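Colleague: Pasting a structure here, questions to come.
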Amino acid sequence: MIRFDHVHKEYPDGTIAVDDFTLEVPSHEVVVLLGSSGCGKTTLMRMVNRMVDPSSGSVSIDGDDVAHSDPVKLRRSIGYVMQSGGLLPHRTVVDNIATVPLLLGATRRSAHARASELLDLVGLEQSVAKRYPSQLSGGQRQRIGVARALASDPNILLMDEPFGAVDPVVRAELQRELLHLQNELAKTILFVTHDVDEAFLLGQQVLVLRTGAEVAQHGSPANILLDPADDFVANFIGGPRRHLRTEMRDGRHIVVDAAGHVTGVLQDDRGAAG
Amino acid sequence: MIQFADAFAWLVDPANWPGPNGITARILEHLWYCLLALVLALVIAMPAGLYIGHTGKGRALAIGLTGALRALPSLGLLTLLAVTMSLGLRLAIVPSTIVLAILAIPPLLAAAYSGVEAVDPDVVDGARASGLNEWQIVGRVEVPLAAPLLVGGLRSAVLQVIATATLSAFLGLGGLGRFILDGQAVADYTRMLGGAILVIALALILDGGILLLQRWLVPSGVSIALGTGRLEGR
Amino acid sequence: MRFDWVADNMGQILMMSWAHVQVSVLPIFLSLLIAVPIAWWAHRQKSARRVLVPISGVLYALPSLPLFVLLPVVLGTRILDPLNLVVALTLYGVALLVRTAVDAFDSVGRIIRDDALAIGHSPRQVFWRVALPLAGPPLLAGTRVVSASTLSLVSVGALIGVPSLGYFFTNGYQRGFPTEIMVGVIGTVVLAVIFDVIIVVAGRLLLPWVRATDRRRG
């Protein structure tokens, strides 16, 4: 369980990135911080592994304030996936995945064995093991990023727009596989994104954030869709695009949004929009 | 061009190589002065440059300092230190080493901080978030990725020092500059030219050696990562 | 520092400074004039680059004093002829600037040049209106380095008897007289600063947009 307690972050130049934020992320759940760039969502996430320290307030993991732990040790115990991958370009894929186990003192052999297990887990062929990150596709690199984050079997995963830099087809595939992985591994995941569909797909809980990491709404995806707290949330999650109704055409139900654009076809009469 | 023939005859004459004033001894002296100065310069410039590159602190100071050092005439510095330092005239190796080190510091320092600065910040961020401590980030990420620039800086420093060590002869020291200055004193142009050819050859050989060293030193992963072919390290 | 010596010898100091300037100006100009076309050629043709860039590297590796000794044979000049220095210093300047300029042209990038061609510039116009102006700032920086190193290297010529502020180094050393050496060092630095200011001002006049960019970066 991760707990943010009245967290506040002000930079020396006076910018307030986070203003009084409180949240509890339950263990084994995926919580998504959703907001546009500059709203402070990444700053919040980076407080968990002390890449950023709050100006006031505290962040704790299972009741222990992270401020009291050694940042380097803390980071080794938390998986972190970033948008650019952040892989070491001069190390091979196996060495990248084995980074944390090696730092924790595992032998080279066991770290590499673990790395090849993880390659399987994230759906990559063993043949990529000896390649360098620059020789891989964007989607492959993101999988390596996930594998590296999972290498020391951390309880917590922090994911900072991990699929933001890949094309929509690959993104959808990676999202599906993350859900699948989460079914198996049941990590506590804090996920940052500006993509509404991604947030609703992955999050058990979603927080829509305004500037300064002010919570505009916190709830389940269904909650937020059915009952947006205000115009800001309604607009952010898509406004008229989400107000769908069905129309009959050629004897079938099609789904149309508020502006009259066709967005899908109703599969059967039980009402699942496709 | 007849002078070249004379100079080559002087160079290949076996009588000119052995002995305390022979070519062999002068080459070794020359290399010794350079090595002393390079070690001194590396000890100062590498930690300072890596620190500046890693922390971003002191950058303006370093740029100003290296610029100012470049503008100082080496011969002036050499003679000034020799006459003003109490040890300067008796132990000419001291001012000579200091001046040569001063010349070697700017390229080494610049290579170190600009090399580290050029490393993709996302890579450093990812390494830090994975749990590398600051020393590990410098040693395992920044230095390897800056290696091509570091070797480039070393190359400039070596060339600078080899060239300028020629001037140390003016302080009464040995080295290959002896042939040039002694030759001039007695209007023996053959010896001057022979000495000049030796310094040039030494510089070119070391330059080539460092290029080979670069291929051997820079890990293949770094070349691939930086998209530089092994042969085309610019 | 004995200022009475400085006052007594002002005439000689100015004379040597003037000699220093005379030998330095030409190499700085020439190296820019020669290096830019060479770099443009190397930038556009891979085969040319493979030859030109290593050659400039080798030129830069040549030590100055030995080069001053060597050139008279190659050029057929007398050893005291200032022309030796001019040629040697021009070679250094070219060597240094070719690398800077090739990198500068490379950084302007194919994309920008292709854009310019697509808009309807001729290749010649691309050079004058796009590549050269955009490569201006690094070229300016390179010229400043050439200027500083040229002024510093000219004094080495004193060892073989070419007059410059370097004379005060050799003479002061032989007399064990620090003031004279100080005059030479300070004189060289002052000249370097004056040259630098002139180059920067010239750069601002020729490249008015550089200041704006500088400020944005600063």
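Chain labels follow the order of the structure tokens: the first chain is A, the next B, and so on; residue numbering restarts at 1 in every chain, and ligands are counted from 1 in their shown order.
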Could you write out as a VMD selection string the residues of chain C within 8 Å of chain B, counting only C-alpha atoms?
Modeller: chain C and resid 58 61 to 67 69 to 70 73 to 74 148 to 149 151 to 153 155 to 156 159 to 160 166 169 to 170 172 to 173 176 to 178 181 to 182 184 to 185 188 to 189 192
Colleague: Would you save the residues of that selection, restricted to C-alpha atoms, as a compact mmCIF listing (two decimals), in the first residue's frame?
Modeller:
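Just written: part-v8.txt:
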```txt
# COMPACT_ATOMS: atom_id res chain seq x y z
CA VAL C 58 46.99 15.15 -39.22
CA ALA C 61 48.72 17.11 -35.01
CA LEU C 62 51.86 18.76 -36.44
CA PRO C 63 53.84 20.51 -33.69
CA SER C 64 54.41 24.21 -34.32
CA LEU C 65 58.13 24.78 -33.73
CA PRO C 66 59.19 21.82 -35.89
CA LEU C 67 56.80 23.00 -38.57
CA VAL C 69 61.75 24.69 -39.05
CA LEU C 70 60.45 22.43 -41.79
CA VAL C 73 62.65 23.75 -47.09
CA VAL C 74 59.22 23.10 -48.53
CA ALA C 148 43.45 32.83 -29.67
CA SER C 149 45.67 29.91 -30.66
CA LEU C 151 48.19 34.77 -31.30
CA SER C 152 49.65 32.37 -28.77
CA LEU C 153 51.60 30.37 -31.35
CA SER C 155 55.30 33.96 -30.05
CA VAL C 156 56.91 30.54 -30.50
CA LEU C 159 62.78 30.76 -30.80
CA ILE C 160 63.87 30.81 -34.41
CA GLY C 166 57.64 36.27 -28.06
CA PHE C 169 60.02 35.68 -23.53
CA THR C 170 63.37 34.53 -24.87
CA GLY C 172 63.61 38.04 -20.58
CA TYR C 173 64.50 34.45 -19.82
CA GLY C 176 66.42 36.41 -15.81
CA PHE C 177 64.10 39.44 -15.92
CA PRO C 178 60.44 38.54 -15.13
CA ILE C 181 58.32 38.19 -19.80
CA MET C 182 55.23 39.58 -18.07
CA GLY C 184 55.07 39.67 -23.41
CA VAL C 185 52.38 37.55 -21.71
CA THR C 188 49.67 38.63 -26.01
CA VAL C 189 46.58 38.34 -23.82
CA ALA C 192 43.91 38.14 -27.92
```
Colleague: Which residues come within 6 Å of range 25-40 of chain B, counting only C-alpha atoms, excluding same-chain residues fewer than 4 positions away, as a list in words?
Modeller: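 Near range 25-40 of chain B, the qualifying residues are Pro20, Thr97, Leu100, Ala101, Val161, Gly175 and Leu176 of chain B.
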Colleague: Any chance you can output those residues with N, CA and C atoms as a CSV table (one decimal), in the first residue's frame?
Modeller:
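The result, stored in result39.csv:
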```csv
chain,number,residue,atom,x,y,z
B,20,PRO,N,74.0,9.6,-24.2
B,20,PRO,CA,73.1,10.5,-23.4
B,20,PRO,C,72.6,11.7,-24.3
B,97,THR,N,56.8,20.8,-16.4
B,97,THR,CA,55.7,19.9,-16.2
B,97,THR,C,54.4,20.7,-15.9
B,100,LEU,N,53.1,22.3,-19.2
B,100,LEU,CA,52.6,21.2,-20.1
B,100,LEU,C,51.2,20.8,-19.6
B,101,ALA,N,51.1,20.6,-18.2
B,101,ALA,CA,49.9,20.2,-17.6
B,101,ALA,C,48.8,21.2,-17.9
B,161,VAL,N,50.7,18.5,-25.8
B,161,VAL,CA,51.9,18.3,-24.9
B,161,VAL,C,53.1,17.9,-25.7
B,175,GLY,N,65.0,16.3,-24.4
B,175,GLY,CA,63.9,16.2,-25.3
B,175,GLY,C,64.3,16.5,-26.7
B,176,LEU,N,63.4,16.3,-27.6
B,176,LEU,CA,63.7,16.5,-29.0
B,176,LEU,C,63.9,18.0,-29.4
```
Colleague: Given only C-alpha atoms as the basis, pick out the residue of C:Val146, C:Val130, C:Gly93, C:Val53 nearest to Asp115 in chain C.
Modeller: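 Ranked by minimum distance to Asp115 in chain C, first place goes to C:Val130.
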Colleague: With a distance threshold of 9 Å and counting only C-alpha atoms, extract the residues of chain A near chain B and express them as a PDB file with N, CA and C atoms, in the first residue's frame.
Modeller:
```pdb
ATOM      1  N   ARG A  46       7.017  10.189  -8.906  1.00  0.00           N
ATOM      2  CA  ARG A  46       8.445  10.121  -8.594  1.00  0.00           C
ATOM      3  C   ARG A  46       8.729  10.332  -7.115  1.00  0.00           C
ATOM      4  N   ASN A  49       9.485   6.734  -5.250  1.00  0.00           N
ATOM      5  CA  ASN A  49      10.835   6.165  -5.151  1.00  0.00           C
ATOM      6  C   ASN A  49      11.889   7.246  -4.893  1.00  0.00           C
ATOM      7  N   ARG A  50      11.427   8.371  -4.376  1.00  0.00           N
ATOM      8  CA  ARG A  50      12.303   9.460  -3.958  1.00  0.00           C
ATOM      9  C   ARG A  50      13.162  10.027  -5.075  1.00  0.00           C
ATOM     10  N   MET A  51      12.667   9.946  -6.315  1.00  0.00           N
ATOM     11  CA  MET A  51      13.342  10.694  -7.373  1.00  0.00           C
ATOM     12  C   MET A  51      13.042  12.176  -7.155  1.00  0.00           C
ATOM     13  N   PRO A  71      17.467   6.273  -0.457  1.00  0.00           N
ATOM     14  CA  PRO A  71      16.838   6.347  -1.778  1.00  0.00           C
ATOM     15  C   PRO A  71      17.325   5.250  -2.738  1.00  0.00           C
ATOM     16  N   VAL A  72      18.614   4.939  -2.696  1.00  0.00           N
ATOM     17  CA  VAL A  72      19.139   3.952  -3.635  1.00  0.00           C
ATOM     18  C   VAL A  72      18.537   2.574  -3.370  1.00  0.00           C
ATOM     19  N   LYS A  73      18.487   2.192  -2.083  1.00  0.00           N
ATOM     20  CA  LYS A  73      17.887   0.893  -1.735  1.00  0.00           C
ATOM     21  C   LYS A  73      16.410   0.872  -2.082  1.00  0.00           C
ATOM     22  N   LEU A  74      15.751   1.995  -1.786  1.00  0.00           N
ATOM     23  CA  LEU A  74      14.321   2.102  -2.063  1.00  0.00           C
ATOM     24  C   LEU A  74      14.041   1.872  -3.548  1.00  0.00           C
ATOM     25  N   ARG A  75      14.848   2.543  -4.403  1.00  0.00           N
ATOM     26  CA  ARG A  75      14.623   2.445  -5.847  1.00  0.00           C
ATOM     27  C   ARG A  75      14.847   1.034  -6.355  1.00  0.00           C
ATOM     28  N   ARG A  76      15.805   0.330  -5.737  1.00  0.00           N
ATOM     29  CA  ARG A  76      16.051  -1.047  -6.172  1.00  0.00           C
ATOM     30  C   ARG A  76      14.871  -1.951  -5.834  1.00  0.00           C
ATOM     31  N   SER A  77      14.040  -1.524  -4.858  1.00  0.00           N
ATOM     32  CA  SER A  77      12.925  -2.374  -4.453  1.00  0.00           C
ATOM     33  C   SER A  77      11.625  -1.998  -5.158  1.00  0.00           C
ATOM     34  N   ILE A  78      11.698  -1.001  -6.056  1.00  0.00           N
ATOM     35  CA  ILE A  78      10.495  -0.548  -6.759  1.00  0.00           C
ATOM     36  C   ILE A  78      10.767  -0.569  -8.262  1.00  0.00           C
ATOM     37  N   GLY A  79       9.866  -1.158  -9.022  1.00  0.00           N
ATOM     38  CA  GLY A  79      10.044  -1.165 -10.470  1.00  0.00           C
ATOM     39  C   GLY A  79       9.635   0.167 -11.072  1.00  0.00           C
ATOM     40  N   TYR A  80      10.367   0.615 -12.102  1.00  0.00           N
ATOM     41  CA  TYR A  80      10.081   1.908 -12.698  1.00  0.00           C
ATOM     42  C   TYR A  80      10.162   1.780 -14.209  1.00  0.00           C
ATOM     43  N   VAL A  81       9.075   2.134 -14.890  1.00  0.00           N
ATOM     44  CA  VAL A  81       9.067   2.079 -16.352  1.00  0.00           C
ATOM     45  C   VAL A  81       8.797   3.477 -16.868  1.00  0.00           C
ATOM     46  N   MET A  82       9.668   3.969 -17.758  1.00  0.00           N
ATOM     47  CA  MET A  82       9.463   5.317 -18.256  1.00  0.00           C
ATOM     48  C   MET A  82       9.183   5.337 -19.761  1.00  0.00           C
ATOM     49  N   SER A  84      10.506   6.864 -22.346  1.00  0.00           N
ATOM     50  CA  SER A  84      11.594   6.686 -23.306  1.00  0.00           C
ATOM     51  C   SER A  84      12.286   5.350 -23.117  1.00  0.00           C
ATOM     52  N   GLY A  85      11.829   4.573 -22.139  1.00  0.00           N
ATOM     53  CA  GLY A  85      12.492   3.306 -21.870  1.00  0.00           C
ATOM     54  C   GLY A  85      13.629   3.491 -20.892  1.00  0.00           C
ATOM     55  N   GLY A  86      14.478   4.539 -21.145  1.00  0.00           N
ATOM     56  CA  GLY A  86      15.579   4.819 -20.242  1.00  0.00           C
ATOM     57  C   GLY A  86      16.548   3.666 -20.114  1.00  0.00           C
ATOM     58  N   LEU A  87      16.614   2.824 -21.149  1.00  0.00           N
ATOM     59  CA  LEU A  87      17.537   1.691 -21.091  1.00  0.00           C
ATOM     60  C   LEU A  87      18.968   2.188 -21.285  1.00  0.00           C
ATOM     61  N   LEU A  88      19.925   1.408 -20.783  1.00  0.00           N
ATOM     62  CA  LEU A  88      21.317   1.767 -20.991  1.00  0.00           C
ATOM     63  C   LEU A  88      21.688   1.386 -22.426  1.00  0.00           C
ATOM     64  N   PRO A  89      21.984   2.396 -23.271  1.00  0.00           N
ATOM     65  CA  PRO A  89      22.162   2.096 -24.688  1.00  0.00           C
ATOM     66  C   PRO A  89      23.413   1.273 -24.979  1.00  0.00           C
ATOM     67  N   HIS A  90      24.362   1.268 -24.037  1.00  0.00           N
ATOM     68  CA  HIS A  90      25.628   0.573 -24.295  1.00  0.00           C
ATOM     69  C   HIS A  90      25.653  -0.817 -23.671  1.00  0.00           C
ATOM     70  N   ARG A  91      24.515  -1.256 -23.130  1.00  0.00           N
ATOM     71  CA  ARG A  91      24.450  -2.598 -22.556  1.00  0.00           C
ATOM     72  C   ARG A  91      23.456  -3.423 -23.356  1.00  0.00           C
ATOM     73  N   THR A  92      23.718  -4.726 -23.437  1.00  0.00           N
ATOM     74  CA  THR A  92      22.805  -5.582 -24.181  1.00  0.00           C
ATOM     75  C   THR A  92      21.486  -5.712 -23.424  1.00  0.00           C
ATOM     76  N   THR A  99      20.118  -5.509 -14.620  1.00  0.00           N
ATOM     77  CA  THR A  99      20.739  -4.408 -13.869  1.00  0.00           C
ATOM     78  C   THR A  99      20.490  -4.506 -12.370  1.00  0.00           C
ATOM     79  N   VAL A 100      19.216  -4.553 -11.984  1.00  0.00           N
ATOM     80  CA  VAL A 100      18.914  -4.483 -10.551  1.00  0.00           C
ATOM     81  C   VAL A 100      19.358  -5.752  -9.796  1.00  0.00           C
ATOM     82  N   LEU A 103      22.911  -5.365  -9.179  1.00  0.00           N
ATOM     83  CA  LEU A 103      23.179  -4.355  -8.147  1.00  0.00           C
ATOM     84  C   LEU A 103      22.924  -4.932  -6.762  1.00  0.00           C
ATOM     85  N   TYR A 132      21.430  -4.746 -28.713  1.00  0.00           N
ATOM     86  CA  TYR A 132      21.473  -3.481 -27.986  1.00  0.00           C
ATOM     87  C   TYR A 132      20.150  -2.756 -28.186  1.00  0.00           C
ATOM     88  N   PRO A 133      19.756  -1.909 -27.212  1.00  0.00           N
ATOM     89  CA  PRO A 133      18.454  -1.248 -27.313  1.00  0.00           C
ATOM     90  C   PRO A 133      18.215  -0.536 -28.635  1.00  0.00           C
ATOM     91  N   SER A 134      19.266   0.086 -29.201  1.00  0.00           N
ATOM     92  CA  SER A 134      19.056   0.842 -30.439  1.00  0.00           C
ATOM     93  C   SER A 134      18.727  -0.077 -31.615  1.00  0.00           C
ATOM     94  N   GLN A 135      18.932  -1.390 -31.423  1.00  0.00           N
ATOM     95  CA  GLN A 135      18.643  -2.325 -32.523  1.00  0.00           C
ATOM     96  C   GLN A 135      17.233  -2.905 -32.427  1.00  0.00           C
ATOM     97  N   ARG A 148      12.822  -5.068 -17.157  1.00  0.00           N
ATOM     98  CA  ARG A 148      13.835  -4.566 -16.235  1.00  0.00           C
ATOM     99  C   ARG A 148      13.201  -4.178 -14.900  1.00  0.00           C
ATOM    100  N   ALA A 149      12.008  -3.545 -15.002  1.00  0.00           N
ATOM    101  CA  ALA A 149      11.351  -3.105 -13.775  1.00  0.00           C
ATOM    102  C   ALA A 149      10.938  -4.295 -12.915  1.00  0.00           C
TER     103      ALA A 149
END
```
Colleague: Could you tell me how far CA of Ala147 in chain B lies from CA of Ile105 in chain B, in Å and to one decimal?
Modeller: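 Taking CA of Ala147 in chain B as the start and CA of Ile105 in chain B as the end point, the length is 17.0 Å.
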Colleague: Report as number ranges by chain all protein, DNA and RNA residues lying within 12 Å of Pro137 in chain C, evaluated on only C-alpha atoms, omitting residues in the same chain fewer than 4 positions from it.
Modeller: C: 100-101, 103-105, 107-108, 131-133, 141-144, 199-200, 202-204, 206-214
Colleague: Would you mind writing down, as a list in words, each residue of range 141-185 of chain A that DSSP on the backbone assigns to helix (DSSP H, G or I)?
Modeller: Arg141, Gln142, Arg143, Ile144, Gly145, Val146, Ala147, Arg148, Ala149, Leu150, Pro168, Val169, Val170, Arg171, Ala172, Glu173, Leu174, Gln175, Arg176, Glu177, Leu178, Leu179, His180, Leu181, Gln182, Asn183, Glu184 and Leu185 of chain A
Colleague: Those residues you just picked out, can you put them in a file as a compact mmCIF listing (two decimals), in the first residue's frame with N, CA and C atoms?
Modeller:
```
# COMPACT_ATOMS: atom_id res chain seq x y z
N ARG A 141 11.43 -2.23 -27.07
CA ARG A 141 12.15 -1.52 -26.01
C ARG A 141 11.27 -1.35 -24.77
N GLN A 142 9.98 -1.04 -25.00
CA GLN A 142 9.09 -0.86 -23.85
C GLN A 142 8.92 -2.17 -23.09
N ARG A 143 8.86 -3.29 -23.82
CA ARG A 143 8.77 -4.59 -23.14
C ARG A 143 10.01 -4.83 -22.29
N ILE A 144 11.19 -4.46 -22.83
CA ILE A 144 12.43 -4.61 -22.06
C ILE A 144 12.36 -3.74 -20.81
N GLY A 145 11.80 -2.52 -20.99
CA GLY A 145 11.65 -1.62 -19.84
C GLY A 145 10.82 -2.27 -18.75
N VAL A 146 9.71 -2.92 -19.16
CA VAL A 146 8.85 -3.60 -18.18
C VAL A 146 9.62 -4.76 -17.55
N ALA A 147 10.34 -5.51 -18.38
CA ALA A 147 11.09 -6.65 -17.85
C ALA A 147 12.13 -6.18 -16.84
N ARG A 148 12.82 -5.07 -17.16
CA ARG A 148 13.83 -4.57 -16.23
C ARG A 148 13.20 -4.18 -14.90
N ALA A 149 12.01 -3.54 -15.00
CA ALA A 149 11.35 -3.11 -13.77
C ALA A 149 10.94 -4.30 -12.91
N LEU A 150 10.62 -5.43 -13.57
CA LEU A 150 10.14 -6.59 -12.82
C LEU A 150 11.27 -7.49 -12.32
N PRO A 168 -0.35 3.30 -32.11
CA PRO A 168 -1.58 2.83 -31.46
C PRO A 168 -1.76 1.31 -31.46
N VAL A 169 -1.37 0.65 -32.54
CA VAL A 169 -1.57 -0.80 -32.61
C VAL A 169 -0.72 -1.50 -31.55
N VAL A 170 0.57 -1.12 -31.52
CA VAL A 170 1.48 -1.72 -30.54
C VAL A 170 1.03 -1.34 -29.12
N ARG A 171 0.56 -0.10 -28.97
CA ARG A 171 0.13 0.34 -27.65
C ARG A 171 -0.99 -0.56 -27.12
N ALA A 172 -1.97 -0.81 -27.99
CA ALA A 172 -3.10 -1.64 -27.57
C ALA A 172 -2.61 -3.03 -27.16
N GLU A 173 -1.66 -3.54 -27.92
CA GLU A 173 -1.12 -4.86 -27.63
C GLU A 173 -0.41 -4.87 -26.27
N LEU A 174 0.40 -3.81 -26.03
CA LEU A 174 1.14 -3.73 -24.76
C LEU A 174 0.18 -3.58 -23.58
N GLN A 175 -0.89 -2.81 -23.80
CA GLN A 175 -1.87 -2.62 -22.72
C GLN A 175 -2.52 -3.95 -22.36
N ARG A 176 -2.90 -4.70 -23.40
CA ARG A 176 -3.52 -6.01 -23.15
C ARG A 176 -2.57 -6.90 -22.35
N GLU A 177 -1.30 -6.89 -22.74
CA GLU A 177 -0.36 -7.76 -22.07
C GLU A 177 -0.08 -7.32 -20.64
N LEU A 178 -0.16 -6.01 -20.42
CA LEU A 178 0.03 -5.54 -19.05
C LEU A 178 -1.10 -6.06 -18.17
N LEU A 179 -2.33 -5.99 -18.69
CA LEU A 179 -3.47 -6.51 -17.92
C LEU A 179 -3.28 -7.99 -17.62
N HIS A 180 -2.81 -8.70 -18.61
CA HIS A 180 -2.58 -10.12 -18.47
C HIS A 180 -1.52 -10.40 -17.40
N LEU A 181 -0.42 -9.64 -17.48
CA LEU A 181 0.65 -9.76 -16.48
C LEU A 181 0.13 -9.47 -15.09
N GLN A 182 -0.68 -8.42 -15.00
CA GLN A 182 -1.18 -7.98 -13.70
C GLN A 182 -2.09 -9.06 -13.09
N ASN A 183 -2.84 -9.77 -13.96
CA ASN A 183 -3.65 -10.89 -13.49
C ASN A 183 -2.81 -11.92 -12.78
N GLU A 184 -1.61 -12.16 -13.37
CA GLU A 184 -0.72 -13.18 -12.83
C GLU A 184 0.04 -12.68 -11.61
N LEU A 185 0.55 -11.44 -11.72
CA LEU A 185 1.53 -10.98 -10.72
C LEU A 185 0.91 -10.17 -9.59
```
Colleague: For range 223-233 of chain A, please output as a list in words all residues within 10 Å (counting only C-alpha atoms; exclusion window: fewer than 2 positions along the same chain).
Modeller: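 My reading of the contact set: Gly35, Phe200, Gln205, Val206, Leu207, Val208, Leu209, Arg210, Ala216, Gln217, His218, Gly219, Ser220, Pro221, Asn235, Phe236, Ile237, Gly238, Gly239, Arg242 and His243 of chain A.
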Colleague: From a DSSP calculation on the backbone, collect every residue of range 64-180 of chain A in strand (DSSP E or B) and output the set as a PyMOL selection string.
Modeller: chain A and resi 64-65+78-82+156-160
Colleague: Those selected residues, please, written with C-alpha atoms and delivered as a PDB file, in the first residue's frame.
Modeller:
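The file below, out_25.pdb, is the result:
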```pdb
ATOM      1  CA  ASP A  64       6.934   3.338   6.526  1.00  0.00           C
ATOM      2  CA  ASP A  65       7.711   6.903   5.532  1.00  0.00           C
ATOM      3  CA  ILE A  78      10.495  -0.548  -6.759  1.00  0.00           C
ATOM      4  CA  GLY A  79      10.044  -1.165 -10.470  1.00  0.00           C
ATOM      5  CA  TYR A  80      10.081   1.908 -12.698  1.00  0.00           C
ATOM      6  CA  VAL A  81       9.067   2.079 -16.352  1.00  0.00           C
ATOM      7  CA  MET A  82       9.463   5.317 -18.256  1.00  0.00           C
ATOM      8  CA  ILE A 156       5.374  -1.891  -6.520  1.00  0.00           C
ATOM      9  CA  LEU A 157       5.554  -0.797 -10.160  1.00  0.00           C
ATOM     10  CA  LEU A 158       5.652   2.847 -11.160  1.00  0.00           C
ATOM     11  CA  MET A 159       4.781   3.415 -14.795  1.00  0.00           C
ATOM     12  CA  ASP A 160       5.285   6.849 -16.325  1.00  0.00           C
TER      13      ASP A 160
END
```
